[in-house]
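Worksheet: the structure to be examined is printed underneath.
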Protein chains: 4
Amino acid sequence: MPRVKPERKAAREAQIIEAARACFARNGFHKTTLQDIFAEAGLSAGCVYNYFQSKDELMLAVADARHLVESRMIAEEGDVHDPVAGLMAVARAFAAAYLGQFEESRRIALETWSESLRDLAVLNSVRRGLDGPRAELVRLIEHGKATGRFSTDIDADMAARTMIALLHGFMLQKLWDTKLSLAAVLATFEHLLPSLLGYVR
Amino acid sequence: MPRVKPERKAAREAQIIEAARACFARNGFHKTTLQDIFAEAGLSAGCVYNYFQSKDELMLAVADARHLVESRMIAEEGDVHDPVAGLMAVARAFAAAYLGQFEESRRIALETWSESLRDLAVLNSVRRGLDGPRAELVRLIEHGKATGRFSTDIDADMAARTMIALLHGFMLQKLWDTKLSLAAVLATFEHLLPSLLGYVR
Amino acid sequence: MPRVKPERKAAREAQIIEAARACFARNGFHKTTLQDIFAEAGLSAGCVYNYFQSKDELMLAVADARHLVESRMIAEEGDVHDPVAGLMAVARAFAAAYLGQFEESRRIALETWSESLRDLAVLNSVRRGLDGPRAELVRLIEHGKATGRFSTDIDADMAARTMIALLHGFMLQKLWDTKLSLAAVLATFEHLLPSLLGYVR
Amino acid sequence: MPRVKPERKAAREAQIIEAARACFARNGFHKTTLQDIFAEAGLSAGCVYNYFQSKDELMLAVADARHLVESRMIAEEGDVHDPVAGLMAVARAFAAAYLGQFEESRRIALETWSESLRDLAVLNSVRRGLDGPRAELVRLIEHGKATGRFSTDIDADMAARTMIALLHGFMLQKLWDTKLSLAAVLATFEHLLPSLLGYVR
DNA sequence: GATGAATGAGCCTTCATTCAT
DNA sequence: TATGAATGAAGGCTCATTCAT
């Protein structure tokens, strides 16, 4: 079977994933037909099938792409000396990505979560996509504890989980109610941080 | 089409909704076939169609049923003099319902949320299902503010939204990681409450 | 099985046939559901099934009823001494019944014809419904020939068939084009009659 | 959806229409299942659906194809200097097509007429299919009137309608009674023509 | 590498018919 | 006699996937 030059391959894959992403965001995974994706990508069925072997694989690729972007965001933003500043930088980056004006990223996230209930590969992708950022948050928090910035009573893992829960919960609310203010969410987050991590503002 | 006597009607509807709920929780809305539901309910296709006119209508009925149960939970638990005690009672009830051992309720919730992106009727159901509880939380918080229990600086609506976001966020995490401890979540919630509402423990 | 008192039976049957007629005229035989007919008749499924054993039998009953009415029309109108007057009287009666303002009779006729292609019982009904009137027309024409009113060169059967063909053909045209004038059709018929029967006006 | 190259498209469409025609003639529109048509055409469901998007559309295509053939017949036969000869040529062509040995064309015509009562697209097809030939007949008759061949008292439109009514009426009779002779019908037609158009043989 | 016509299993839904009351 | 809830076979249609070119 025709295999492709690596450079072209990556570009084509990105093109297809982007098309799939747009379609899944628009109509959801199950109501998107592969024909929709072919049309969106401007490619033929056979061509797409040279890169992805099934619809499920496309969903997985979209999920993986999402998690890759998140990892990069964490790596870029979390690299700060002050843990509070680092956590707030990460929070701002995620909030900007997921609570902003354009719904696509939120919808894709929810689609991914929903599919993870049925598709083991997607479930693993979601788990990895969560474990990475959570570990990074834990690392930041432990750093704060070690440097006396945060209380040592704090359970770093639960604190990290709580931050993630807040993000996810507000993503959902923003989906039902577009007017939910990004600024208000960030303010709430900042307000809760001292209590969450055991430090005094 | 045969219309049904009210008494029988309610019972049959409940029977069918319960079957649909079980199937949707097991395989998701889209991977559930109506045949699955007929079998689960022990009824024929035609019989089910006398009560619900489409698969979408079944999803909506499942969502509505869920929100009805939530409303009852709030009404039962939130009716307490002390606002903190009331909020914690509601939190415990929801946590017990959604963060407990059995996944069904969580999976149905996620399924509902996902469908709300495509199905306007489900979206409205979700919105109503959210607005009711949120209003009740706001009422409790405002009561606390009025009685000097909570700081008047607090934005009651955002505080209520934050509690809901925490619940939803942890529901998701419990779906990816069954080991997440209900007790830990409740402890975190209780720990954050003073900061969230502006009171001293 | 419950059989009914003859008097009631006939009334119920007429009620049901009338309902079926209305539904078939409105939506056609195949797009009419028995539930439609139950509703139109204001009767339950079980009740209707006490009088007619199947949907096909209802179609047949409607067809038979139509042909019975036609027979009566012929018997009433054709009983005239002068053959030309008799034929014109029959023509006027049929034209009034089938080319008038209300479509129902035309639609039922076409429905009947269409079903006769598939349903042997309906085919026989149509044939009987045609043979009776045709024989009556032939009788009138032969009477005219015998009394020297019409040319003896005339083929009475073909002449009768031609009259029927004209009626049926114009019924169809009236179905596609409601504006077709009954008067114009009758005038045409009257204009053709001398040539058709071989007499001088 | 895969769109098809024009050359292949026309061939496939013709193949499918022919299969649908055969099935509709055999069992009628409503008793024909799409599976019947797929089998008759030797094609799969999906393939047929690439060319026609619903069963209704197939009926319409069959009707349109019928009317196209009629138009061609008129164009070929009606192009004669002598109006009487032209009208008789058209009559012979139609009689051969619709009153001949093989029932298919008659049955399809009746099926088309019947469906026109419910399906607006088919109704319009029937109307167009009628208006074209009628206009052509009118043109021939007017030509006869203008050249002094026919009486100027004649209503060309009603005369054309009458010819069409005769054809349709005899088509129906041929369906109930296969023995009806094509020759007799043509003789009758020829016999009536002078009276219909106002000329002396 | 890419095309796109073709496949066919399977799903949602309808509706003629039955039968316990 | 009449009711009407229940049945379940069957039909129209979709769409993920394949493969000859």
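For the structure tokens, the naming scheme is as follows: chains receive sequential letters (A, B, ...) according to their order of presentation, residues are indexed from 1 within each chain, and ligands are indexed from 1 in presentation order.
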Report as number ranges by chain all protein, DNA and RNA residues lying within 10 Å of Thr152 of chain B, evaluated on only C-alpha atoms (C1' of nucleotides), omitting residues in the same chain fewer than 6 positions from it. B: 141-142, 144-146, 197-199
Give me every alpha helix (DSSP H) residue in chain A, going by DSSP on the backbone, as JSON, numbers by chain. {"A": [6, 7, 8, 9, 10, 11, 12, 13, 14, 15, 16, 17, 18, 19, 20, 21, 22, 23, 24, 25, 26, 27, 28, 29, 30, 31, 34, 35, 36, 37, 38, 39, 40, 41, 45, 46, 47, 48, 49, 50, 51, 55, 56, 57, 58, 59, 60, 61, 62, 63, 64, 65, 66, 67, 68, 69, 70, 71, 72, 73, 74, 75, 76, 77, 83, 84, 85, 86, 87, 88, 89, 90, 91, 92, 93, 94, 95, 96, 97, 98, 104, 105, 106, 107, 108, 109, 110, 111, 112, 113, 114, 115, 116, 120, 121, 122, 123, 124, 125, 126, 127, 128, 129, 130, 131, 132, 133, 134, 135, 136, 137, 138, 139, 140, 141, 142, 143, 144, 145, 146, 156, 157, 158, 159, 160, 161, 162, 163, 164, 165, 166, 167, 168, 169, 170, 171, 172, 173, 174, 175, 176, 182, 183, 184, 185, 186, 187, 188, 189, 190, 191, 192, 193, 194, 195, 196, 197]}
Taking only C-alpha atoms (C1' of nucleotides) into account, which residues of chain B are within 9 Å of chain E, as a PyMOL selection string? chain B and resi 33-34+45-46+49+54-55
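The gap separating atom CA of Leu193 of chain D from atom CA of Leu87 of chain D is 9.2 Å, in Å to one decimal.
Set the cut-off at 9 Å, count only C-alpha atoms, and the residues of chain A near chain D turn out to be Gln35, Asp36, Ala39 and Ser44 of chain A.
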Keeping N, CA and C atoms for every residue in the selection just given, could you write it to a file as an mmCIF file, in the first residue's frame?
```
data_model
loop_
_atom_site.group_PDB
_atom_site.id
_atom_site.type_symbol
_atom_site.label_atom_id
_atom_site.label_comp_id
_atom_site.auth_asym_id
_atom_site.auth_seq_id
_atom_site.Cartn_x
_atom_site.Cartn_y
_atom_site.Cartn_z
ATOM 1 N N GLN A 35 -18.180 11.495 4.880
ATOM 2 C CA GLN A 35 -18.335 12.319 3.674
ATOM 3 C C GLN A 35 -18.238 13.805 4.039
ATOM 4 N N ASP A 36 -18.778 14.171 5.174
ATOM 5 C CA ASP A 36 -18.631 15.554 5.641
ATOM 6 C C ASP A 36 -17.153 15.910 5.748
ATOM 7 N N ALA A 39 -15.394 16.277 2.435
ATOM 8 C CA ALA A 39 -15.728 17.560 1.812
ATOM 9 C C ALA A 39 -14.987 18.703 2.506
ATOM 10 N N SER A 44 -10.497 13.097 -1.132
ATOM 11 C CA SER A 44 -11.371 11.972 -1.440
ATOM 12 C C SER A 44 -11.351 10.955 -0.307
#
```
For chain F against chain B, with a cut-off of 10 Å and counting only C-alpha atoms (C1' of nucleotides), what is the closest atom pair and its distance in Å to one decimal for every residue that makes the cut, ordered by chain and number, as a Markdown table?
```
| residue | atom | partner | partner_atom | distance |
| --- | --- | --- | --- | --- |
| F:DG4 | C1' | B:Pro2 | CA | 5.8 |
| F:DA5 | C1' | B:Pro2 | CA | 6.9 |
| F:DA6 | C1' | B:Cys47 | CA | 5.8 |
| F:DT7 | C1' | B:Ser44 | CA | 6.4 |
| F:DG8 | C1' | B:Ser44 | CA | 7.1 |
```
Could you write out the selected residues, including C-alpha atoms (C1' of nucleotides), as a short mmCIF file (atom, residue, chain, number, x, y, z; two decimals), in the first residue's frame?
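Contents of out.cif, as written:
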```cif
data_model
loop_
_atom_site.label_atom_id
_atom_site.label_comp_id
_atom_site.auth_asym_id
_atom_site.auth_seq_id
_atom_site.Cartn_x
_atom_site.Cartn_y
_atom_site.Cartn_z
"C1'" DG F 4 -57.58 0.46 22.54
"C1'" DA F 5 -53.11 -1.09 24.00
"C1'" DA F 6 -49.87 -4.07 22.18
"C1'" DT F 7 -47.51 -6.59 18.51
"C1'" DG F 8 -43.63 -7.24 15.16
#
```
Name all residues at most 12 Å from Val69 of chain C (count only C-alpha atoms (C1' of nucleotides); drop same-chain ones fewer than 2 positions away) and give them as a ChimeraX atom specification. /C:62-67,71-76,93-94,97-98,105,129,132-133
Set the distance at 12 Å and use only C-alpha atoms (C1' of nucleotides): which residues neighbour Ala85 of chain A once local chain neighbours fewer than 5 positions away are removed? I'd like the list as number ranges by chain. A: 77-80, 90-92, 140-141, 144, 149, 190, 193, 201
Report, in Å to a single decimal, how far apart atom CA of Leu110 of chain C and atom CA of Ala10 of chain C are. 25.9 Å
One number please: atom C1' of DT21 of chain F to atom CA of Phe38 of chain A, in Å, one decimal.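 Here the two named atoms are 19.7 Å from each other.
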Taking only C-alpha atoms into account, which of A:Pro83, A:Phe29, A:Ala89, A:Glu70 comes nearest Leu130 of chain A?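 Nearest candidate to Leu130 of chain A out of A:Pro83, A:Phe29, A:Ala89, A:Glu70: A:Glu70.
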